[in-house]
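**Q** Structure provided below as structure tokens; questions to follow.
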Amino acid sequence: MVEPSKPPSAGFPTTRLRRLRYNPAVRNLLQDTRLAPANFILPLFVRSGRNVRQAISSMPGHFQISPDQLAAEIEEVQTLGLGGVILFGIPDAKDAMGSDSTNDQGIVQQAIAAAKKASPQTLVITDVCFCEYTDHGHCGAINDRTGRTDVDNDATLELIASQALSHARAGADIVAPSGMMDGMVGAIRGRLDELGFAHVPIMSYAAKYASGFYGPFREAAESTPQFGDRRGYQMDPAADADQALREVELDLNEGADIVMVKPALAYLDILRSVHDRFPGVPLAAYNVSGEFSMVKAAAERGWIDERTVALETLLAMRRAGAGILLTYWAKQAARWLA
Ligand code: PBG
């Protein structure tokens, strides 16, 4: 830690900070936080079929696509120089255990294969979770053993490990567990290491809050819980901020390679503390669906300038310490920056 010290300022009129803002070239010279397409990850929603390109109404410019549409998408990602994609699968049939998600022929496994076939060098991350695959919409196996219907943490770990393994077998470059189960990183690491995938990194959704900002995503991924909510496993926005640090520390101890804070915009303080507390640990921010949709909606009404606000938002996440930005603006932002 560097000793905090006050920047030198003799006071007005000797010091005039506006002198640093007068000339655009000087402003450019002083830019410290930079956005690069290589740090953007584009989320993609894949469902079965052929020639499917179904608009997601709450997320303008985003679609549920079939695996055959991935090649074009991946090519664009490559051309724009993005860091990669994160895949979400929407299965035809859901059941209590989310079986499609652990099936080697499941929708996301098909999507991974299609993406890797289109461009082997393009980074493919997969979201490892159950809410898109279960008929009840919760992020794991449920039962009422405790007298209340709840996600069974330890039974879910077994399934999570199988799902991650299946993704790795299909060719996923990074697996990203998002269910906020205790022990999920360790369970995945153990299984991957045992079966020849010690080289596959884990990006953990380490500090993920029970947030209203996921609304549009749940339409996109068809993953709304059919009863109750996710507050029994995702973090309470009102919890002591240090709880996020405990979550991150636990995941790192279990073998997480990259940690994520989610959502990003309302949790910039959390990003900053994780960055400061764990220097050198790759940190990702998920600029979630609601953060995207609210800007889109306001921009459509002419109330806000989308480009300015989107880039300003991404810059804030970067400045707070996130090196990796998962964002629905990935393609657009890359074009704006070009
Ligand atoms: C869970 C998952 C969610 C998101 C990413 N992974 C939804 C949730 O926890 O309900 C949300 C992402 C977004 O809102 O953009 N599989």
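In the structure tokens, chains take letters A, B, ... by order of appearance, with residues numbered from 1 within each chain and ligands from 1 in the order shown.
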Give the strand (DSSP E or B) residues of segment 61-93 of chain A, as DSSP finds them on the backbone, and put them as a list in words.

**A**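 Matching residues for strand (DSSP E or B) in segment 61-93 of chain A are Phe63, Gln64, Ile65, Gly84, Val85, Ile86, Leu87, Phe88, Gly89 and Ile90 of chain A.
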
**Q** Assign secondary structure with DSSP using the backbone only, and return the residues of segment 250-338 of chain A in helix (DSSP H, G or I) as an MDAnalysis selection string.

**A** chainID A and resid 250:253 265:277 289:300 306:319 330:337

**Q** Between atom CA of Ala334 of chain A and atom CA of Ala113 of chain A, measure the distance and give it in Å to one decimal.

**A**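 Going from atom CA of Ala334 of chain A over to atom CA of Ala113 of chain A, I get 25.3 Å.
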
**Q** Residues within 9 Å of Asp152 of chain A, please, as a VMD selection string. Count only C-alpha atoms; anything in the same chain fewer than 4 positions from it doesn't count.

**A** chain A and resid 140 to 145 156 to 157

**Q** Keeping only all heavy atoms, write the selected residues as a short mmCIF file (atom, residue, chain, number, x, y, z; two decimals), in the first residue's frame.

**A**
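Writing the result to out.cif gives the following:
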```cif
data_model
loop_
_atom_site.label_atom_id
_atom_site.label_comp_id
_atom_site.auth_asym_id
_atom_site.auth_seq_id
_atom_site.Cartn_x
_atom_site.Cartn_y
_atom_site.Cartn_z
N GLY A 140 -30.41 -24.49 -8.80
CA GLY A 140 -29.92 -25.78 -8.33
C GLY A 140 -31.07 -26.72 -8.07
O GLY A 140 -32.23 -26.43 -8.44
N ALA A 141 -30.74 -27.85 -7.43
CA ALA A 141 -31.77 -28.84 -7.09
C ALA A 141 -32.49 -28.36 -5.83
O ALA A 141 -31.87 -27.87 -4.90
CB ALA A 141 -31.11 -30.18 -6.83
N ILE A 142 -33.80 -28.48 -5.83
CA ILE A 142 -34.55 -28.01 -4.66
C ILE A 142 -35.17 -29.18 -3.90
O ILE A 142 -35.41 -30.25 -4.46
CB ILE A 142 -35.68 -27.02 -5.04
CG1 ILE A 142 -36.62 -27.62 -6.10
CG2 ILE A 142 -35.12 -25.72 -5.55
CD1 ILE A 142 -37.87 -26.79 -6.33
N ASN A 143 -35.38 -28.97 -2.62
CA ASN A 143 -36.17 -29.90 -1.80
C ASN A 143 -36.66 -29.14 -0.58
O ASN A 143 -36.34 -27.98 -0.39
CB ASN A 143 -35.34 -31.14 -1.42
CG ASN A 143 -34.15 -30.78 -0.55
OD1 ASN A 143 -34.24 -29.95 0.35
ND2 ASN A 143 -33.01 -31.41 -0.83
N ASP A 144 -37.49 -29.82 0.23
CA ASP A 144 -38.00 -29.11 1.41
C ASP A 144 -37.54 -29.78 2.69
O ASP A 144 -38.24 -29.80 3.70
CB ASP A 144 -39.53 -28.90 1.37
CG ASP A 144 -40.23 -30.06 0.72
OD1 ASP A 144 -39.65 -31.16 0.69
OD2 ASP A 144 -41.37 -29.87 0.25
N ARG A 145 -36.34 -30.28 2.63
CA ARG A 145 -35.77 -30.99 3.77
C ARG A 145 -35.70 -30.12 5.03
O ARG A 145 -35.81 -30.60 6.15
CB ARG A 145 -34.36 -31.51 3.41
CG ARG A 145 -33.87 -32.62 4.34
CD ARG A 145 -32.48 -33.08 3.95
NE ARG A 145 -32.42 -33.51 2.56
CZ ARG A 145 -31.36 -33.33 1.77
NH1 ARG A 145 -30.28 -32.74 2.21
NH2 ARG A 145 -31.38 -33.76 0.52
N THR A 156 -26.53 -29.75 -5.09
CA THR A 156 -26.32 -28.95 -6.29
C THR A 156 -24.85 -28.95 -6.71
O THR A 156 -24.54 -28.91 -7.92
CB THR A 156 -26.83 -27.51 -6.06
OG1 THR A 156 -28.24 -27.58 -5.78
CG2 THR A 156 -26.61 -26.63 -7.27
N LEU A 157 -23.95 -29.03 -5.74
CA LEU A 157 -22.51 -29.01 -6.07
C LEU A 157 -22.14 -30.13 -7.04
O LEU A 157 -21.37 -29.94 -7.99
CB LEU A 157 -21.66 -29.13 -4.80
CG LEU A 157 -21.71 -27.94 -3.86
CD1 LEU A 157 -20.75 -28.16 -2.69
CD2 LEU A 157 -21.36 -26.63 -4.59
#
```

**Q** Go through A:Gly323, A:Pro67, A:Gly83, A:Pro216 one by one, measure the shortest atom-to-atom distance of each to ligand 1 using only C-alpha atoms and all ligand atoms, and give the residue with the smallest value.

**A**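 The closest residue to ligand 1 is A:Pro216.
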
**Q** Compute the set of protein, DNA and RNA residues whose minimum atom distance to ligand 1 is at most 9 Å, using only C-alpha atoms and all ligand atoms, and state it as a PyMOL selection string.

**A** chain A and resi 43+88+127-132+137-139+176-180+205+208-218+220-221+223-225+229-230+234+262-263+286-292+326-328

**Q** Just how far from atom CA of Ala36 of chain A is atom CA of Ala320 of chain A, in Å to one decimal?

**A**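 We find that atom CA of Ala320 of chain A and atom CA of Ala36 of chain A lie 15.5 Å from each other.
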